[in-house]
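Source file: my_file-v1.txt. Holds: compact mmCIF, C-alpha atoms.
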```
# COMPACT_ATOMS: atom_id res chain seq x y z
CA MET A 1 -55.43 47.82 0.90
CA ALA A 2 -53.74 46.26 -2.13
CA ILE A 3 -50.50 47.59 -3.56
CA GLU A 4 -51.10 48.98 -7.05
CA PRO A 5 -48.41 48.27 -9.65
CA ARG A 6 -47.06 50.92 -11.98
CA ARG A 7 -46.03 50.10 -15.53
CA VAL A 8 -42.34 50.64 -16.26
CA ARG A 9 -39.81 50.36 -19.05
CA VAL A 10 -36.71 48.48 -17.85
CA ARG A 11 -33.17 48.71 -19.23
CA GLN A 12 -30.60 46.26 -17.90
CA THR A 13 -26.91 46.34 -18.79
CA THR A 14 -24.58 43.58 -17.61
CA LYS A 15 -20.81 43.79 -17.95
CA VAL A 16 -18.85 40.58 -17.52
CA SER A 17 -15.09 40.75 -16.91
CA GLU A 18 -14.26 38.20 -19.63
CA VAL A 19 -16.58 39.66 -22.31
CA ASP A 20 -15.85 42.84 -24.28
CA GLU A 21 -19.43 43.84 -25.10
CA PRO A 22 -22.00 44.48 -22.37
CA ILE A 23 -25.25 42.50 -22.48
CA GLU A 24 -28.28 44.78 -23.00
CA LEU A 25 -31.90 43.99 -22.14
CA HIS A 26 -34.98 46.15 -22.67
CA ALA A 27 -38.37 45.05 -21.32
CA ASP A 28 -41.71 46.30 -20.09
CA GLY A 29 -42.50 45.48 -16.51
CA LEU A 30 -44.33 46.27 -13.30
CA TYR A 31 -43.09 48.21 -10.27
CA TYR A 32 -44.55 47.80 -6.78
CA GLU A 33 -43.63 50.28 -4.05
CA LEU A 34 -43.01 48.72 -0.61
CA LYS A 35 -42.61 50.46 2.75
CA THR A 36 -38.91 49.55 2.83
CA GLY A 37 -38.15 49.11 -0.87
CA PHE A 38 -39.73 47.89 -4.09
CA VAL A 39 -40.47 44.92 -6.34
CA LEU A 40 -39.65 45.13 -10.05
CA MET A 41 -41.00 42.40 -12.34
CA PHE A 42 -40.13 41.88 -16.03
CA ASP A 43 -39.43 39.12 -18.55
CA GLN A 44 -35.94 38.39 -19.86
CA GLU A 45 -35.86 36.97 -23.39
CA ARG A 46 -33.05 34.42 -23.57
CA GLU A 47 -31.97 31.85 -26.13
CA ASP A 48 -33.62 29.06 -24.10
CA GLY A 49 -36.92 30.91 -23.56
CA ILE A 50 -38.56 33.70 -21.61
CA VAL A 51 -37.46 33.99 -17.99
CA PRO A 52 -39.88 35.81 -15.66
CA THR A 53 -37.60 37.89 -13.42
CA THR A 54 -38.23 39.68 -10.14
CA LEU A 55 -35.92 42.10 -8.36
CA LYS A 56 -37.01 42.67 -4.77
CA TYR A 57 -35.18 45.34 -2.81
CA THR A 58 -35.52 45.79 0.91
CA THR A 59 -33.06 47.88 2.89
CA GLY A 60 -29.56 46.53 2.21
CA ARG A 61 -30.67 43.38 0.35
CA LEU A 62 -31.46 42.77 -3.31
CA ALA A 63 -33.11 39.47 -4.19
CA LEU A 64 -32.97 38.22 -7.79
CA ILE A 65 -35.70 35.66 -8.44
CA CYS A 66 -36.03 33.84 -11.77
CA LYS A 67 -38.61 31.24 -12.81
CA GLY A 68 -38.98 29.27 -16.02
CA PRO A 69 -36.07 27.80 -18.01
CA ILE A 70 -33.71 29.40 -15.47
CA GLU A 71 -34.58 29.13 -11.79
CA MET A 72 -32.88 30.85 -8.91
CA ASN A 73 -33.57 32.90 -5.81
CA HIS A 74 -30.39 34.72 -4.89
CA SER A 75 -29.69 37.62 -2.52
CA PHE A 76 -27.02 40.28 -2.95
CA ILE A 77 -25.85 42.03 0.24
CA GLU A 78 -22.97 44.49 0.01
CA GLY A 79 -19.77 43.11 1.54
CA ARG A 80 -21.17 39.61 2.05
CA LEU A 81 -20.87 36.18 0.50
CA THR A 82 -24.25 34.63 -0.32
CA GLN A 83 -25.07 31.22 -1.81
CA SER A 84 -28.04 29.69 -3.59
CA LEU A 85 -28.95 27.10 -6.22
CA TYR A 86 -28.99 27.91 -9.95
CA LYS A 87 -31.00 25.59 -12.23
CA ASN A 88 -31.45 25.43 -15.97
CA PRO A 89 -32.90 22.62 -18.14
CA TYR A 90 -29.50 20.88 -18.30
CA MET A 91 -28.02 21.13 -14.80
CA SER A 92 -28.15 22.47 -11.29
CA MET A 93 -25.21 24.31 -9.71
CA THR A 94 -24.30 26.06 -6.50
CA MET A 95 -24.05 29.80 -7.07
CA ALA A 96 -21.98 31.95 -4.71
CA THR A 97 -21.49 35.69 -4.95
CA THR A 98 -19.51 38.23 -3.02
CA THR A 99 -21.25 41.56 -3.50
CA VAL A 100 -18.68 44.32 -3.86
CA ARG A 101 -21.22 47.14 -4.26
CA LEU A 102 -25.00 47.54 -4.04
CA ASP A 103 -26.36 50.99 -4.88
CA VAL A 104 -30.11 51.59 -5.19
CA ARG A 105 -31.55 55.06 -5.79
CA ASP A 106 -33.35 57.33 -8.24
CA GLY A 107 -34.95 54.67 -10.46
CA ARG A 108 -31.75 52.70 -10.70
CA CYS A 109 -30.17 49.66 -9.13
CA ARG A 110 -26.47 48.92 -9.60
CA PHE A 111 -24.66 45.96 -8.18
CA HIS A 112 -21.17 44.58 -8.67
CA TYR A 113 -20.29 41.04 -7.63
CA GLU A 114 -17.81 38.21 -8.02
CA LEU A 115 -19.48 34.98 -9.09
CA ALA A 116 -18.46 31.37 -8.45
CA MET A 117 -20.40 28.39 -9.83
CA ASN A 118 -19.76 25.03 -8.13
CA ASP A 119 -16.74 26.62 -6.39
CA ASP A 120 -15.14 27.70 -9.71
CA LEU A 121 -14.66 31.42 -10.32
CA ALA A 122 -17.03 32.41 -13.14
CA GLY A 123 -16.19 36.11 -13.39
CA ASP A 124 -16.73 39.60 -12.18
CA TYR A 125 -20.15 41.12 -12.99
CA GLU A 126 -21.50 44.67 -12.98
CA VAL A 127 -25.26 44.98 -13.42
CA ASP A 128 -27.11 48.26 -13.95
CA VAL A 129 -30.91 48.14 -13.97
CA ALA A 130 -32.78 51.39 -14.64
CA TRP A 131 -36.47 51.99 -15.08
CA THR A 132 -38.80 54.77 -16.12
CA PHE A 133 -42.48 54.88 -15.39
CA GLU A 134 -45.01 54.77 -18.22
CA GLY A 135 -45.09 58.19 -19.84
CA GLY A 136 -41.38 58.80 -19.15
CA GLU A 137 -41.77 59.73 -15.49
CA THR A 138 -38.78 58.75 -13.36
CA THR A 139 -38.80 57.86 -9.68
```
Turn the structure described in the file into structure tokens.
Amino acid sequence: MAIEPRRVRVRQTTKVSEVDEPIELHADGLYYELKTGFVLMFDQEREDGIVPTTLKYTTGRLALICKGPIEMNHSFIEGRLTQSLYKNPYMSMTMATTTVRLDVRDGRCRFHYELAMNDDLAGDYEVDVAWTFEGGETT
């Protein structure tokens, strides 16, 4: 039996410690229910092109997977340091995060992390991703 996707409207807000204004993203996407979580897929429009983005949540772990001009597959686990590789058309860097908070419930995913790129502190990030199902229905 195949998992049927549901159409969603995604709103992502990212606050960066060194930037006054939060970064806002609105996109249409697909939501897949899993036994132990979900998969949320949407496109991020960025200055260097469209980045297909997947958030996959399974109990206690959020994976952020990007393909296209930006490539990464990074996991966020509350209270843990995780590392991966971040690539864009110009360079490749080691990405390390310490996830301070990971809260997933009620059609919303919030995570707060400290980011280092190539061992240099890059900032403190708070990301809030919310979604509504087509027709305005919430989870």
* **Nearby residues (only C-alpha atoms) at most 12 Å from Gly60 in chain A, same-chain spacing under 6 positions excluded, as a list in words** =>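 The neighbour list is Thr36, Gly37, Ser75, Phe76, Ile77, Glu78, Gly79, Arg80, Thr99, Arg101, Leu102, Asp103, Val104, Arg105, Cys109 and Phe111 of chain A.
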Residues from last step as file, C-alpha atoms, as a PDB file, keeping the file's coordinate frame:
```
ATOM      1  CA  THR A  36     -38.910  49.550   2.830  1.00  0.00           C
ATOM      2  CA  GLY A  37     -38.150  49.110  -0.870  1.00  0.00           C
ATOM      3  CA  SER A  75     -29.690  37.620  -2.520  1.00  0.00           C
ATOM      4  CA  PHE A  76     -27.020  40.280  -2.950  1.00  0.00           C
ATOM      5  CA  ILE A  77     -25.850  42.030   0.240  1.00  0.00           C
ATOM      6  CA  GLU A  78     -22.970  44.490   0.010  1.00  0.00           C
ATOM      7  CA  GLY A  79     -19.770  43.110   1.540  1.00  0.00           C
ATOM      8  CA  ARG A  80     -21.170  39.610   2.050  1.00  0.00           C
ATOM      9  CA  THR A  99     -21.250  41.560  -3.500  1.00  0.00           C
ATOM     10  CA  ARG A 101     -21.220  47.140  -4.260  1.00  0.00           C
ATOM     11  CA  LEU A 102     -25.000  47.540  -4.040  1.00  0.00           C
ATOM     12  CA  ASP A 103     -26.360  50.990  -4.880  1.00  0.00           C
ATOM     13  CA  VAL A 104     -30.110  51.590  -5.190  1.00  0.00           C
ATOM     14  CA  ARG A 105     -31.550  55.060  -5.790  1.00  0.00           C
ATOM     15  CA  CYS A 109     -30.170  49.660  -9.130  1.00  0.00           C
ATOM     16  CA  PHE A 111     -24.660  45.960  -8.180  1.00  0.00           C
TER      17      PHE A 111
END
```
* Extract, using all atoms listed in the file, all DNA, RNA and protein residues at most 7 Å from Tyr113 in chain A, discarding same-chain residues fewer than 3 positions from it, and format them as a PyMOL selection string. => chain A and resi 97-100+124-126
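Here CA of Glu114 in chain A stands at a distance of 12.9 Å from CA of Thr14 in chain A.
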* Shell around range 116-122 of chain A at 12 Å using only C-alpha atoms, local window under 2 positions removed, as a PyMOL selection string -> chain A and resi 16-19+81-87+91-99+113-114+124-125
* **Length of the CA of Arg46 in chain A to CA of Ala27 in chain A vector [Å]** =>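 One can read the CA of Arg46 in chain A to CA of Ala27 in chain A distance as 12.1 Å.
Using all atoms listed in the file, the shortest contact distance between Ile50 in chain A and any of A:Glu71, A:Glu33, A:Glu134, A:Glu24 is found at A:Glu71.
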* To do: Give me, please, the distance in Å between CA of Leu25 in chain A and CA of Met72 in chain A, quoted to one decimal.
  => 18.7 Å
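Closest approach to Val8 in chain A among A:Asn73, A:Gln44, A:Thr59, A:Thr132: A:Thr132, based on all atoms listed in the file.
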* **Nearby residues (all atoms listed in the file) at most 8 Å from Arg7 in chain A, same-chain spacing under 4 positions excluded, as a VMD selection string** => chain A and resid 28 to 31 133 to 134
* **Given all atoms listed in the file as the counted atoms, nearest of A:Leu115, A:Val10, A:Val127, A:Leu55 to Leu40 in chain A** =>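 Looking only at the distances to Leu40 in chain A, the closest residue turns out to be A:Leu55.
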